[in-house]
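As structure tokens, the structure follows; a few thoughts come after it.
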Amino acid sequence: EAQVTQNPRYLITVTGKKLTVTCSQNMNHEYMSWYRQDPGLGLRQIYYSMNVEVTDKGDVPEGYKVSRKEKRNFPLILESPSPNQTSLYFCASSFANTPLHFGNGTRLTVT
Amino acid sequence: AQSVTQLDSQVPVFEEAPVELRCNYSSSVSVYLFWYVQYPNQGLQLLLKYLSGSTLVKGINGFEAEFNKSQTSFHLRKPSVHISDTAEYFCAVTETRGGSNYKLTFGKGTLLTVNP
């Protein structure tokens, strides 16, 4: 089954403790992206990747890192999480000129 | 830079009534337009898209949208809604250069609640 898999689905952590949210897709998509969703703000793009070893900042990249060492994986790294990064995070992937496939989301709480 | 405005944050309607969810965009270049739907506790899924051609676009679940370039709008419509259409709906835009998913910008969402 074609899918984008994010892990974990829920995560509670404390300020400053490094964490990684994984994202994997099995569709051989070149394009992958991370979004955060906050009430009243919709989805905002954090980082995206057009292909392996090619990443670029979205609209809200501060406090986040990504890597794209292989085509199927696009982890999101928070080196020192802060409470304002409490949010619902979505990973998405696609070929060029085709609709995005979204994962089911990761709900992160930073206390 | 592109932007999207969804004019209504919440739209309550009764079952079997028609509905229109409004979306306006701003861009200095040609755009692709999308509507996505998010059911509770799920990711987003594509309802429909406008890339080129006919300005009336039909999507899944009986939804359709009309691209109006002069009014920079892409309103979503359904003639008769069901309880199961209760969800949050997002309009999204991207510039045509660089591919259809390059720097996709989403609106803030419209929560459609269908009441019996």
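As shown in the structure tokens, the chain order sets the letters A, B, ...; within each chain, residues go from 1, and ligands are also counted from 1 in the order they appear.
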
Shell around Gln85 of chain A at 10 Å using only C-alpha atoms, local window under 5 positions removed, as a ChimeraX atom specification = /A:15,36,38,62-64,78,80,108-111

Pick out the chain B residues within 10 Å of chain A. Count only C-alpha atoms. Give them as a PyMOL selection string.
-> chain B and resi 9+32+34+36+41-49+51+88-92+96+98-110

For the atom pair atom CA of Val13 of chain B and atom CA of Pro116 of chain B, what is the interatomic distance in Å to one decimal place?
-> 8.9 Å

Gap from atom CA of Val31 of chain B to atom CA of Val19 of chain B - Å, one decimal =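 Those two atoms sit 24.8 Å apart.
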
Pairwise distance, atom CA of Met27 of chain A with atom CA of Glu1 of chain A, equals 9.1 Å

Counting only C-alpha atoms, what is within 10 Å of Ala1 of chain B, bar same-chain residues fewer than 3 positions away, as a ChimeraX atom specification?
-> /B:26-29,94-95,105

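Using only C-alpha atoms, the shortest contact distance between Ser73 of chain B and any of B:Thr55, B:Ser3, B:Gln10, B:Asn24 is found at B:Asn24.
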
Nearest residue to Ala2 of chain A from the set A:Lys65, A:Arg107, A:Gln25, A:Val52 (distances using only C-alpha atoms) |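 Counting only C-alpha atoms, the residue closest to Ala2 of chain A is A:Gln25.
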
Any idea what's packed within 8 Å of Asn28 of chain A, counting only C-alpha atoms, ignoring anything in its chain fewer than 2 positions away? Could you give it as a ChimeraX atom specification?
-> /A:25-26,30,71-72

For Ser67 of chain A, list every protein, DNA or RNA residue within 9 Å, evaluated using only C-alpha atoms, and leave out those in the same chain fewer than 5 positions away; present the list as a list in words.
->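 Listed by chain and then number, they are Ser49, Val52, Glu53, Val54, Thr55, Asn73, Phe74, Pro75, Leu76 and Ile77 of chain A.
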
Would you mind exporting N, CA, C and O atoms of the selected residues as a short mmCIF file (atom, residue, chain, number, x, y, z; two decimals), in the first residue's frame?
data_model
loop_
_atom_site.label_atom_id
_atom_site.label_comp_id
_atom_site.auth_asym_id
_atom_site.auth_seq_id
_atom_site.Cartn_x
_atom_site.Cartn_y
_atom_site.Cartn_z
N SER A 49 12.31 19.12 0.37
CA SER A 49 13.43 18.51 -0.33
C SER A 49 12.98 18.11 -1.72
O SER A 49 12.00 17.38 -1.87
N VAL A 52 17.30 13.71 -3.20
CA VAL A 52 18.34 13.31 -2.24
C VAL A 52 19.41 14.40 -2.17
O VAL A 52 19.85 14.92 -3.20
N GLU A 53 19.77 14.74 -0.94
CA GLU A 53 20.82 15.73 -0.64
C GLU A 53 20.44 17.15 -1.07
O GLU A 53 21.31 18.03 -1.09
N VAL A 54 19.19 17.39 -1.39
CA VAL A 54 18.72 18.73 -1.78
C VAL A 54 17.59 19.13 -0.84
O VAL A 54 16.49 18.56 -0.91
N THR A 55 17.87 20.07 0.06
CA THR A 55 16.84 20.54 0.98
C THR A 55 16.82 22.07 0.98
O THR A 55 17.82 22.71 0.64
N ASN A 73 13.45 8.54 3.01
CA ASN A 73 13.38 9.08 4.37
C ASN A 73 13.67 10.57 4.44
O ASN A 73 14.58 11.07 3.75
N PHE A 74 12.94 11.24 5.31
CA PHE A 74 13.11 12.70 5.46
C PHE A 74 12.83 13.06 6.93
O PHE A 74 11.77 13.58 7.27
N PRO A 75 13.76 12.78 7.82
CA PRO A 75 13.52 13.04 9.25
C PRO A 75 13.55 14.52 9.59
O PRO A 75 14.29 15.31 8.98
N LEU A 76 12.74 14.87 10.57
CA LEU A 76 12.69 16.24 11.11
C LEU A 76 13.35 16.22 12.49
O LEU A 76 12.95 15.44 13.35
N ILE A 77 14.33 17.08 12.68
CA ILE A 77 15.12 17.09 13.90
C ILE A 77 14.90 18.40 14.64
O ILE A 77 15.01 19.48 14.06
#

Got a sec to tell me which of chain B DSSP assigns to strand (DSSP E), as a ChimeraX atom specification?
-> /B:3-6,10-14,19-21,23-26,31-38,44-50,56-58,64-68,73-78,87-95,105-106,110-115

Exercise: Val81 of chain B partners within 10 Å, only C-alpha atoms, chain neighbours under 5 positions left out, as a ChimeraX atom specification | /B:13-19,61-63,86,112-115

Deliver the residues from the most recent selection as a file, using C-alpha atoms, as a compact mmCIF listing (two decimals), in the first residue's frame.
# COMPACT_ATOMS: atom_id res chain seq x y z
CA VAL B 13 -24.94 23.91 7.45
CA PHE B 14 -27.80 21.46 7.61
CA GLU B 15 -27.66 18.10 5.91
CA GLU B 16 -28.71 18.14 2.23
CA ALA B 17 -28.20 21.91 1.98
CA PRO B 18 -25.79 23.38 -0.59
CA VAL B 19 -22.48 24.79 0.59
CA ASN B 61 -17.23 13.13 -2.98
CA GLY B 62 -19.33 15.37 -5.25
CA PHE B 63 -17.29 18.53 -4.70
CA THR B 86 -17.94 17.38 8.33
CA LEU B 112 -17.43 22.66 7.74
CA THR B 113 -19.94 21.26 10.22
CA VAL B 114 -22.95 19.46 8.79
CA ASN B 115 -25.85 19.19 11.21
